[in-house]
Amino acid sequence: MDVMPSRWPWLAVLAAVVLALVVHGQADSALPFWAGMPVWVLMFIALQAGLTLAAAWIARR
Amino acid sequence: MSTTLISACLALVVYLLALLWLGAQSLGGQTNSADSYFLADRRLRAGVLFFTLIATNFSAFFFLGFAGAGYRIGIAYYPMMAFGTGLAALSFGSLGCRVRKLSADHGLITPSELIGHLLPGEGLRLLVLAVMVLFTLPYLALQPLGAGYLLESLTGGAVPFGVGAILLTVVIVLYVVGGGMRAVARTDVLQGVLMFSLMLMAFMAVAKGVGGVEMANRTLFVQRPELFSAAGLGNFFTPRMMASYLLLWPLCLPMFPQMLMRFFAAGDDRSLKQSMVLYPVVAGVLFICPVMIGMWGHLAFPDLVGRASDQIMPLMLARYSPEWLTGIVMVGALAAFMSTLDSQLLALSSMLTRDLYGRYWRPQASLAEQVRVGQLVVIALAVAGLAIALRPPEAILSLATHAFSGLALLFPMLVGAVYGLRWSVVGAMLSVIGGEAVLLGFATGVIPEAFQWGCLPLIPALVVACTVLGVDQLIARWPSSGLRA
């Protein structure tokens, strides 16, 4: 039985978008580097990975 | 003759011959029907579908424009483009699957046929056709324009701009006319592989040349810290602007006719969903390469101003990569130009043939006649694109800059209809016309910029378009709804 509503992966996408805007909005307050990249950009790369997972979730349904 | 020029000419000749060979391979197996010519018999699957989606979408702007934007704006350009493109790809496995089923079940070939099937009304069909042609044609004309200039600079002026634009367009016309969507999809695979591999090679060569990613970024941060800020140089990406762009990409990408028609041509849902999952990965990995090369340009060429910064990719390659690689990488940029242009030609050809010639001029035209007319329209469009490219009118260039927003305004009406919302034809038309009118108002200065609320003009235009649709639904659900015939 399908217990997961089909809108859940889309809510994950929405959460990723909100997080992206928050990360972008807060990025100027501090600009630490890690491995030669600003941490806020690395956070975006992590969000991109999250978006890919959400896409895979949508694809399974 | 320099090593760069020799490698560029060799790579160019091999590349163009490979395109023609792939086009020739696509001549067999066609059934001389509109489905076969325009949609490759709706059999594009997995790898081919993925590459044709990506090669169609990634124009030469990915190669040259991203690097220029990296130079002018900084690293903030990367997350906006990569995340926005990842969001846009979600439409492949959701909207794409619905559109594929609808088009396959009812034999639909063009976007106008799709909307005509969902909301029967001649006016709406023609409006969708007009908006798509109006905003795609100038964008189409920019491709030979850019390709001609690139070929001229690639060959050190040996191939003048006009000759280059004509040569590349002729090659495209030969394989598009001969093989239709089948040839376009096959060449997209080659062009996509070239784009990926050459961009990665360019990045590695330049990164090595500037002393590695970490050292280059730390040096640059000391000199120009604002290049690493979230808002970018000149405070370009304010939070509102960022939010606008994250909305723009998902709305406009599936409304490009050449992208929408790839949903029609998909062989199955599984292939569309695989492309949806792979797309954000590829965008995330590839987009950072040209943006960082552009940023590093400040280390070697700190004084580029305005559009001169769009030359930063060849400048950096000439400075930091082996000579033989510079020429070959620029062939990758040509591949990006051509893979977008061929898809636009085929998409517009199918729309003009089916939605105008077949519907109004000769409804009795056989499928074979439609294919012949489609081939002639490809040639006519290519000639028109070249004519515009050789002497581009200012109005055309201005229209091209609004192409993305103009097409995005179709999204609420068209996607709502695909998902079962039954707009009235008048409501649907008013939504599109209202949104485009607002966009035009901002472009001409009739509507003051203050009404953009710090966002892209698309946002207020979208508010108008969605409000019209909302009112349309309210009227439809009004209890004593004798209001609508």
# chains A, B, ... in the order shown; residues from 1 in each chain; ligands from 1
>>> residues_around(residues="Ala16 in chain A", least_positions_apart="6", cutoff="9 Å", atoms="only C-alpha atoms", output="list in words")
Leu47, Gln48, Gly50 and Leu51 of chain A
>>> write_last_selection(atoms="all heavy atoms", output="mmCIF file, in the first residue's frame")
data_model
loop_
_atom_site.group_PDB
_atom_site.id
_atom_site.type_symbol
_atom_site.label_atom_id
_atom_site.label_comp_id
_atom_site.auth_asym_id
_atom_site.auth_seq_id
_atom_site.Cartn_x
_atom_site.Cartn_y
_atom_site.Cartn_z
ATOM 1 N N LEU A 47 23.047 21.416 -1.196
ATOM 2 C CA LEU A 47 21.620 21.539 -1.530
ATOM 3 C C LEU A 47 21.332 20.982 -2.919
ATOM 4 O O LEU A 47 20.279 20.389 -3.167
ATOM 5 C CB LEU A 47 21.183 23.006 -1.468
ATOM 6 C CG LEU A 47 20.963 23.573 -0.069
ATOM 7 C CD1 LEU A 47 20.750 25.074 -0.129
ATOM 8 C CD2 LEU A 47 19.762 22.905 0.598
ATOM 9 N N GLN A 48 22.291 21.152 -3.826
ATOM 10 C CA GLN A 48 22.135 20.593 -5.180
ATOM 11 C C GLN A 48 22.076 19.063 -5.101
ATOM 12 O O GLN A 48 21.288 18.425 -5.808
ATOM 13 C CB GLN A 48 23.344 21.031 -6.041
ATOM 14 C CG GLN A 48 23.256 20.661 -7.497
ATOM 15 C CD GLN A 48 22.579 21.736 -8.342
ATOM 16 O OE1 GLN A 48 22.267 22.807 -7.839
ATOM 17 N NE2 GLN A 48 22.330 21.444 -9.595
ATOM 18 N N GLY A 50 21.003 17.467 -2.495
ATOM 19 C CA GLY A 50 19.681 17.192 -1.917
ATOM 20 C C GLY A 50 18.588 17.244 -2.974
ATOM 21 O O GLY A 50 17.663 16.430 -2.992
ATOM 22 N N LEU A 51 18.731 18.205 -3.889
ATOM 23 C CA LEU A 51 17.755 18.342 -4.972
ATOM 24 C C LEU A 51 17.782 17.100 -5.875
ATOM 25 O O LEU A 51 16.734 16.625 -6.329
ATOM 26 C CB LEU A 51 18.108 19.590 -5.786
ATOM 27 C CG LEU A 51 17.077 20.091 -6.795
ATOM 28 C CD1 LEU A 51 15.808 20.529 -6.101
ATOM 29 C CD2 LEU A 51 17.655 21.255 -7.592
#
>>> interface_residues(of="chain A", to="chain B", cutoff="9 Å", atoms="only C-alpha atoms", output="ChimeraX atom specification")
/A:13,17,20-28,31,33-38,40-41,44-45,47-49,51-56,58-60
>>> select_by_dssp(residues="range 7-47 of chain A", states="helix (DSSP H, G or I)", output="JSON, numbers by chain")
{"A": [8, 9, 10, 11, 12, 13, 14, 15, 16, 17, 18, 19, 20, 21, 22, 23, 24, 25, 26, 27, 28, 29, 39, 40, 41, 42, 43, 44, 45, 46, 47]}
>>> select_by_dssp(residues="chain A", states="strand (DSSP E)", output="ChimeraX atom specification")
/A:33-34,37-38
>>> residues_around(residues="Arg262 in chain B", least_positions_apart="2", cutoff="9 Å", atoms="only C-alpha atoms", output="PDB file with N, CA, C and O atoms, in the first residue's frame")
ATOM      1  N   LEU B  39       9.615  13.901 -34.644  1.00  0.00           N
ATOM      2  CA  LEU B  39       9.737  13.358 -33.280  1.00  0.00           C
ATOM      3  C   LEU B  39      10.500  12.030 -33.217  1.00  0.00           C
ATOM      4  O   LEU B  39      10.437  11.339 -32.200  1.00  0.00           O
ATOM      5  N   ARG B  42       8.920   9.032 -31.791  1.00  0.00           N
ATOM      6  CA  ARG B  42       8.697   9.019 -30.327  1.00  0.00           C
ATOM      7  C   ARG B  42       9.460   7.865 -29.683  1.00  0.00           C
ATOM      8  O   ARG B  42       8.932   7.146 -28.828  1.00  0.00           O
ATOM      9  N   LEU B  44      12.898   8.269 -28.480  1.00  0.00           N
ATOM     10  CA  LEU B  44      14.140   8.692 -27.830  1.00  0.00           C
ATOM     11  C   LEU B  44      14.162   8.134 -26.413  1.00  0.00           C
ATOM     12  O   LEU B  44      13.237   8.377 -25.633  1.00  0.00           O
ATOM     13  N   LEU B  49      18.074  10.560 -25.061  1.00  0.00           N
ATOM     14  CA  LEU B  49      17.141  11.594 -24.593  1.00  0.00           C
ATOM     15  C   LEU B  49      17.846  12.558 -23.644  1.00  0.00           C
ATOM     16  O   LEU B  49      17.690  13.781 -23.747  1.00  0.00           O
ATOM     17  N   THR B  52      20.194  14.797 -25.633  1.00  0.00           N
ATOM     18  CA  THR B  52      19.515  15.768 -26.493  1.00  0.00           C
ATOM     19  C   THR B  52      18.846  16.856 -25.644  1.00  0.00           C
ATOM     20  O   THR B  52      18.801  18.021 -26.044  1.00  0.00           O
ATOM     21  N   LEU B  53      18.371  16.494 -24.454  1.00  0.00           N
ATOM     22  CA  LEU B  53      17.813  17.519 -23.564  1.00  0.00           C
ATOM     23  C   LEU B  53      18.899  18.501 -23.139  1.00  0.00           C
ATOM     24  O   LEU B  53      18.713  19.717 -23.143  1.00  0.00           O
ATOM     25  N   GLY B  96       6.772  16.432 -17.918  1.00  0.00           N
ATOM     26  CA  GLY B  96       7.216  15.734 -19.123  1.00  0.00           C
ATOM     27  C   GLY B  96       6.456  14.434 -19.345  1.00  0.00           C
ATOM     28  O   GLY B  96       6.056  14.127 -20.475  1.00  0.00           O
ATOM     29  N   ARG B 100       4.083  13.700 -22.468  1.00  0.00           N
ATOM     30  CA  ARG B 100       4.434  12.572 -23.349  1.00  0.00           C
ATOM     31  C   ARG B 100       3.210  11.685 -23.581  1.00  0.00           C
ATOM     32  O   ARG B 100       2.889  11.303 -24.702  1.00  0.00           O
ATOM     33  N   PRO B 257       9.949  25.728 -27.028  1.00  0.00           N
ATOM     34  CA  PRO B 257       9.310  24.698 -27.860  1.00  0.00           C
ATOM     35  C   PRO B 257      10.223  23.513 -28.136  1.00  0.00           C
ATOM     36  O   PRO B 257       9.774  22.368 -28.176  1.00  0.00           O
ATOM     37  N   GLN B 258      11.539  23.807 -28.291  1.00  0.00           N
ATOM     38  CA  GLN B 258      12.463  22.708 -28.588  1.00  0.00           C
ATOM     39  C   GLN B 258      12.608  21.761 -27.390  1.00  0.00           C
ATOM     40  O   GLN B 258      12.903  20.571 -27.569  1.00  0.00           O
ATOM     41  N   MET B 259      12.388  22.267 -26.171  1.00  0.00           N
ATOM     42  CA  MET B 259      12.453  21.388 -24.990  1.00  0.00           C
ATOM     43  C   MET B 259      11.130  20.635 -24.830  1.00  0.00           C
ATOM     44  O   MET B 259      11.101  19.430 -24.550  1.00  0.00           O
ATOM     45  N   LEU B 260      10.029  21.357 -24.989  1.00  0.00           N
ATOM     46  CA  LEU B 260       8.703  20.736 -24.835  1.00  0.00           C
ATOM     47  C   LEU B 260       8.538  19.583 -25.827  1.00  0.00           C
ATOM     48  O   LEU B 260       7.970  18.531 -25.504  1.00  0.00           O
ATOM     49  N   PHE B 264       7.564  15.192 -26.061  1.00  0.00           N
ATOM     50  CA  PHE B 264       6.728  14.464 -27.031  1.00  0.00           C
ATOM     51  C   PHE B 264       7.505  13.286 -27.630  1.00  0.00           C
ATOM     52  O   PHE B 264       6.937  12.255 -27.952  1.00  0.00           O
ATOM     53  N   ALA B 265       8.823  13.524 -27.822  1.00  0.00           N
ATOM     54  CA  ALA B 265       9.638  12.527 -28.542  1.00  0.00           C
ATOM     55  C   ALA B 265      10.160  11.421 -27.632  1.00  0.00           C
ATOM     56  O   ALA B 265      10.728  10.441 -28.126  1.00  0.00           O
ATOM     57  N   ALA B 266       9.960  11.586 -26.313  1.00  0.00           N
ATOM     58  CA  ALA B 266      10.503  10.585 -25.374  1.00  0.00           C
ATOM     59  C   ALA B 266       9.843   9.222 -25.600  1.00  0.00           C
ATOM     60  O   ALA B 266       8.644   9.135 -25.859  1.00  0.00           O
TER      61      ALA B 266
END
>>> closest_residue(among="B:Gln143, B:Leu102, B:Val171, B:Phe63", to="Leu194 in chain B", atoms="only C-alpha atoms")
B:Phe63
>>> atom_distance(atom1="CA of Thr353 in chain B", atom2="CA of Gly374 in chain B")
5.6 Å
>>> atom_distance(atom1="CA of Phe337 in chain B", atom2="CA of Leu352 in chain B")
22.6 Å
>>> atom_distance(atom1="CA of Ser6 in chain A", atom2="CA of Pro250 in chain B")
19.7 Å
>>> closest_residue(among="B:Val189, B:Met204, B:Leu381, B:Leu341", to="Leu317 in chain B", atoms="only C-alpha atoms")
B:Met204
>>> residues_around(residues="range 448-457 of chain B", least_positions_apart="4", cutoff="7 Å", atoms="only C-alpha atoms", output="ChimeraX atom specification")
/B:240-241,244,439,442,461
>>> write_last_selection(atoms="N, CA and C atoms", output="compact mmCIF listing (two decimals), in the first residue's frame")
# COMPACT_ATOMS: atom_id res chain seq x y z
N ARG B 240 15.96 39.20 -3.54
CA ARG B 240 14.79 39.19 -4.43
C ARG B 240 15.17 38.77 -5.86
N MET B 241 16.33 39.25 -6.28
CA MET B 241 16.77 38.89 -7.62
C MET B 241 17.08 37.39 -7.68
N SER B 244 13.92 35.55 -7.88
CA SER B 244 13.35 35.71 -9.22
C SER B 244 13.95 34.71 -10.19
N LEU B 439 5.16 42.74 -19.36
CA LEU B 439 6.58 42.59 -19.72
C LEU B 439 6.99 43.66 -20.72
N PHE B 442 7.36 47.07 -19.07
CA PHE B 442 8.65 47.27 -18.39
C PHE B 442 9.77 47.48 -19.40
N ALA B 461 4.69 40.46 -13.98
CA ALA B 461 3.95 39.95 -15.15
C ALA B 461 3.29 38.61 -14.80
>>> closest_residue(among="B:Val177, B:Leu145, B:Ala46, B:Ala300", to="Tyr71 in chain B", atoms="only C-alpha atoms")
B:Ala300
